[in-house]
Structures are given as C-alpha cells and as structure tokens.
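Written out below as structure tokens is the structure these notes cover.
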Amino acid sequence: MNFDLGPEQQTFRDAVRGFAEKHLREGALARAHSPEHPWDVARLMAQQGLMGITIPEQDGGQGGTLMDAIIAIETVAQVCPRSSDVVQAGNFGAIRVLAEYGTADQKKRYLKRLLAGDGVICVGMTEPEAGSAVTDLRTTATPDGAGYRVSGEKVFTTHAQYADVMVTYVRFGPGVGGIGSLLIERASPGVRQGKPSRFMNGEEWVTTWFDNVYVPPENVLLREGGFKKQMAGFNVERLGNTARSLAFGRYCYEVARQWALQRKQFGRLLAEFQGVQWKFAEMKIKLDAGQLLLYRAAANADRGLPSAQDTAIAKAYCNQAGFEICSEAMQIMGGMGYTEETLVEWCFRKCRGWMIAGGSIEILKNRIAESVFERTFSQRPSKTDKA
C-alpha cells in the first residue's frame, strides 16, 4: 500500500505552497491576532481556486476531492496558520451542507458570492441548553402560510457576526425526527445579535436571537427528518477541524525544531540534549500517526460522505495530538514560545478550542465505544433514574 501523495496531489500541494509563500507569508503574525475576517485572503484564495474545492463544477466549485481540500488546509497552515481558517470556511461545514442539500435556487442565490470570497455562511447549532446534546435544541419553526416563523437563540457560532446567512438548526416538531434546518439571512427582520465576546483563542462570537423571524419557503434547506443528513455534512466539517489541529501541531513542531537547532544553553544546542530529542521523537510519532488517521478518513469520505467512525477516531486523536505538540513546542522554546512574537502560543490556544468544538473528545469517544461494542449507549437518564 502506497501512503505517498499521487503526482497530481503533489503538483497541487506545490502550487498551493507557492501561492501561500507569495501572498500569505508576509503579515501572518498580525493576521492571526486580528479579530477581523481576512476578506482579502478569501478573495485571493477564490482567484486561486481554493474556495469550493469539493463543490461540483456545475455549482461553481472546483470539482475536486475532500483529500484535495485537506491538502490545501495543511499546506496553507505551514505558511500562515490563520489563513487555513479561510480554507475551512470555503470548503467545509455550512458551505458543504448547502452544496450537498440545497436547491438549485438556493445555490444560485448564495454560492456564487461565497465561492468568490465575498461572503461567509455559518451554522447555528449550539444553544444555551443544547451543546453536545444538540438534539435538545429549542429554536422553533412554526408554520406561517407557506413559510415559517422562527424563535430561539444560538451561541458560540463562528462567523455569526459577519456571515451573510446561517444554516440554522430548528425544531419543526418533537423528537429527533422533528429537527431540520433553514437558511436565515443575518439582515432578516427579527434577527438580533449581542455584543461580541472573545474565546481564549482570540476569535469573537456573538449570541444570535430570532424573534418571530419569517423564513420564506424557498429558504427551507432540510425539512423534518433532516437531522441525520445535517450530521453527515457536519462530519465533513469535523475533518477540516481535524486537519487544522494536526497542521498547527506540525507548524509548531517545525518552528521548535529550527529553534532547537539554533538555540544554545550551557554551551550546547538544545537539539543535543536527550530530553529534548525525546520530545521531538514523540511529536514526530504523533504527527505521523495522526496523518494516517486523517488521510484514511478523507480518502474513505471521497467515496461518499465521511464515515462517522473514521471521522471520530481521526478527530479525537488529532485534536489531542495537535494540542500536545503545540504545548511541547512552547515548552521547548521557553519564554519566546510563550510570547506573541511567534505563533506557537496562538496555535496552542486554537488547538485547545477544537478539543471542544465540532464534537468534544468525550462525545467522540462515546461514538467510538458504540462501534467497539456494536450497540448504542444513551447518555440520558433511564426512566428508572427519572423516577
């Protein structure tokens, strides 16, 4: 079995690397510490064909594979970690769900702007009382003529404050079967957002309230019973999250490696101390193992939608590995690694968030265990416990 990239994939990777070196290397540090969305980068990527990589050509995309999108994220992250977030937004998550399940009219109205880098689409899942237990969501969609009236609240939504449209998970009726999603424009009457708050990684988020917002029938993305399709599309987003975790770990590994080959203490290079050597050996093992798990999930996904099992294993491992590698790189670099003069501490903070976002490591392990024992384990209290 050949684990190397094919000739076309290598050519694509080299082209992306050349683009990143030319356009993204300069300003990478400042870009990471700015809360603003890098619209200039998004438009440059659109011109380079890095937006909509996996979206069919007839819908305005590139018609490539999920592996191509993973390669793009990895390659961009080695030059400008912050810009890999733009690759994520333009290829994974909400935009992929829209491309997969949207109507021709919906794609015509939204995709062109998104693929040009002039707009962003986000996904509104999490609510104050519905995090990992997303099926507990309370945002309701009540019929009003041919359309719906939506009332509810979403939190922790990436891009919410500047996204054109939100793929909003709503409850049409009771139970899991009553969950679907609507396309709600931020400018719609009744949509209100709170003041920006900041995550540990520096990203901003806002609470979004829907106060009897009218959504026309042409903006229904998935009706009742659409939850499984939504989560299948969400597995694609998880792979983008996984790729960035590992890529940021690799970025920090390389920065620390160069540091260890130049920095001297006690008259010796850091690379000559056995304790430091073991740290790098462990980081290298984690990078290689994570790469194989990520590529397995991506390659299998290119034969259809991602396997929930493959995705869960890859994300759980790479989230943890990426975070640990960033932490070790920061330790090796000492005070310099801990400052904002390098991106090591920034990558550390970003990777910590992905251990929660997109499916926490604990929830993913529950999924893996169900596969191990070939049965479902409900996390909810039993009827006996309730009594």
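By convention here, the chains of the structure tokens are called A, B, ... in the order presented, each chain's residues are numbered starting at 1, and ligands are numbered starting at 1 in the order presented.
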- Task: List the neighbours of Asn219 (chain A) out to 10 Å using only C-alpha atoms; skip same-chain residues closer than 6 positions along the sequence, and give me the result as a count of residues only.
- Result: 12
- Message: Considering only strand (DSSP E or B) as DSSP defines it on the backbone, what residues of region 177-359 of chain A qualify? List them as a list in words.
- Response: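 Answer for region 177-359 of chain A restricted to strand (DSSP E or B) is Ile179, Gly180, Ser181, Leu182, Leu183, Ile184, Glu185, Val191, Arg192, Gln193, Ser197, Arg198, Glu204, Trp205, Thr208, Trp209, Phe210, Asp211, Asn212, Val213, Tyr214, Val215, Val220, Leu221, Leu222, Lys264, Gln265, Arg268 and Leu269 of chain A.
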Enumerate, in order of chain and increasing residue number, the residues of region 346-376 of chain A with an atom no farther than 8 Å from region 123-136 of chain A, each with its shortest atom pair and distance in Å to one decimal, counting only C-alpha atoms, as JSON lines.
{"residue": "A:Gly359", "atom": "CA", "partner": "A:Ser132", "partner_atom": "CA", "distance": 6.8}
{"residue": "A:Ser360", "atom": "CA", "partner": "A:Ser132", "partner_atom": "CA", "distance": 7.4}
{"residue": "A:Ile363", "atom": "CA", "partner": "A:Ser132", "partner_atom": "CA", "distance": 7.2}
- Fewer than 6 positions away in the same chain doesn't count, so skip those; otherwise give me all residues within 10 Å of Glu26 (chain A), counting only C-alpha atoms, as a ChimeraX atom specification. /A:20,79-80
Based on the selection just made, write C-alpha atoms of those residues as a PDB file, in the first residue's frame.
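Written output follows (out_36.pdb):
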ATOM      1  CA  ALA A  20       0.949  30.816   0.217  1.00  0.00           C
ATOM      2  CA  VAL A  79       2.907  29.268   5.991  1.00  0.00           C
ATOM      3  CA  CYS A  80       0.024  31.194   7.599  1.00  0.00           C
TER       4      CYS A  80
END
Which region 298-345 of chain A residues have any atom within 8 Å of an atom of region 245-257 of chain A, and for each, what is the nearest pair of atoms with distance in Å to one decimal, counting only C-alpha atoms, rows sorted by chain and number, as CSV?
residue,atom,partner,partner_atom,distance
A:Cys318,CA,A:Leu246,CA,5.6
A:Asn319,CA,A:Ser245,CA,5.4
A:Ala321,CA,A:Leu246,CA,7.1
A:Gly322,CA,A:Gly249,CA,4.3
A:Phe323,CA,A:Gly249,CA,6.7
A:Glu324,CA,A:Gly249,CA,7.9
A:Ile325,CA,A:Gly249,CA,5.2
A:Cys326,CA,A:Gly249,CA,5.3
A:Ala329,CA,A:Ala256,CA,5.3
A:Met330,CA,A:Ala256,CA,7.6
A:Ile332,CA,A:Ala256,CA,6.7
A:Met333,CA,A:Ala256,CA,6.3
A:Leu343,CA,A:Cys252,CA,7.8
A:Val344,CA,A:Cys252,CA,5.5
- Task: Find the spatial neighbours of Thr65 (chain A), counting only C-alpha atoms, within a cut-off of 6 Å - ignore same-chain residues fewer than 2 positions away - and output them as a ChimeraX atom specification.
- Result: /A:54,67-68
- Near Gln47 (chain A), within 10 Å and counting only C-alpha atoms, which residues show up once chain neighbours fewer than 3 positions away are dropped, as a list in words?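 Listing them by chain and then by number gives Val41, Ala42, Arg43, Leu44, Leu50, Met51, Leu115, Ala116 and Gly117 of chain A.
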- Query: Just asking: which residues within region 30-119 of chain A are alpha helix (DSSP H) according to DSSP, as number ranges by chain?
  - Reply: A: 30-32, 39-48, 66-77, 81-91, 94-101, 104-115
- Å distance separating CA of Asp14 (chain A) from CA of Val76 (chain A), one decimal place: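 We find that CA of Asp14 (chain A) and CA of Val76 (chain A) lie 10.6 Å from each other.
For the pair CA of Glu21 (chain A) and CA of Gly63 (chain A), the separation is 24.7 Å.
Between CA of Arg17 (chain A) and CA of Ala312 (chain A) the interatomic distance comes to 28.6 Å.
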- Using only C-alpha atoms, which residue out of A:Tyr317, A:Leu111, A:His37, A:Pro174 lies closest to Leu287 (chain A)?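 Closest residue, counting only C-alpha atoms: A:Tyr317.
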- Task: Name all residues at most 10 Å from Asp211 (chain A) (count only C-alpha atoms; drop same-chain ones fewer than 5 positions away) and give them as a list in words.
- Result: Arg149, Val150, Ser151, Gly152, Glu153, Pro189, Gly190, Val191 and Arg192 of chain A
Mind writing the picked residues with C-alpha atoms as a PDB file, in the first residue's frame?
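Final output, saved to result-v9.pdb:
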ATOM      1  CA  ARG A 149     -41.746  31.830  11.957  1.00  0.00           C
ATOM      2  CA  VAL A 150     -38.554  31.152  13.885  1.00  0.00           C
ATOM      3  CA  SER A 151     -37.923  31.962  17.533  1.00  0.00           C
ATOM      4  CA  GLY A 152     -34.915  30.952  19.575  1.00  0.00           C
ATOM      5  CA  GLU A 153     -31.269  31.617  20.396  1.00  0.00           C
ATOM      6  CA  PRO A 189     -36.213  41.453  10.384  1.00  0.00           C
ATOM      7  CA  GLY A 190     -36.269  39.972  13.875  1.00  0.00           C
ATOM      8  CA  VAL A 191     -32.653  38.758  13.840  1.00  0.00           C
ATOM      9  CA  ARG A 192     -30.731  40.383  16.664  1.00  0.00           C
TER      10      ARG A 192
END
- Message: When you look at region 88-94 of chain A with a cut-off of 7 Å (counting only C-alpha atoms), what residues show up, excluding the ones that are within fewer than 4 positions of it in the same chain? I need them as a list in words.
- Response: Met51, Gly52, Ile53, Thr54, Ala69, Ser84, Leu98, Leu115, Ile121, Cys122, Val123, Val167, Gly233, Phe234, Val236, Glu237 and Gly240 of chain A
Using C-alpha atoms, can you write the selected residues to a file as a tab-separated table (two decimals), in the first residue's frame?
chain	number	residue	atom	x	y	z
A	51	MET	CA	-12.73	28.04	-2.38
A	52	GLY	CA	-15.27	25.34	-3.11
A	53	ILE	CA	-12.61	22.74	-3.88
A	54	THR	CA	-15.01	19.84	-3.33
A	69	ALA	CA	-9.23	20.29	0.46
A	84	SER	CA	-6.13	27.96	6.85
A	98	LEU	CA	-25.57	23.95	1.26
A	115	LEU	CA	-17.19	31.00	-3.61
A	121	ILE	CA	-22.01	31.14	5.63
A	122	CYS	CA	-22.16	29.84	9.20
A	123	VAL	CA	-24.00	27.05	11.01
A	167	VAL	CA	-27.71	27.32	8.33
A	233	GLY	CA	-22.49	17.01	6.43
A	234	PHE	CA	-21.13	18.03	9.83
A	236	VAL	CA	-17.04	16.93	6.74
A	237	GLU	CA	-16.57	19.99	8.95
A	240	GLY	CA	-11.47	20.30	8.46
- Message: With distances taken over only C-alpha atoms, which residue among A:Gly27, A:Gly177, A:Gly119, A:Gly353 lies nearest Ser83 (chain A)?
- Response: A:Gly27
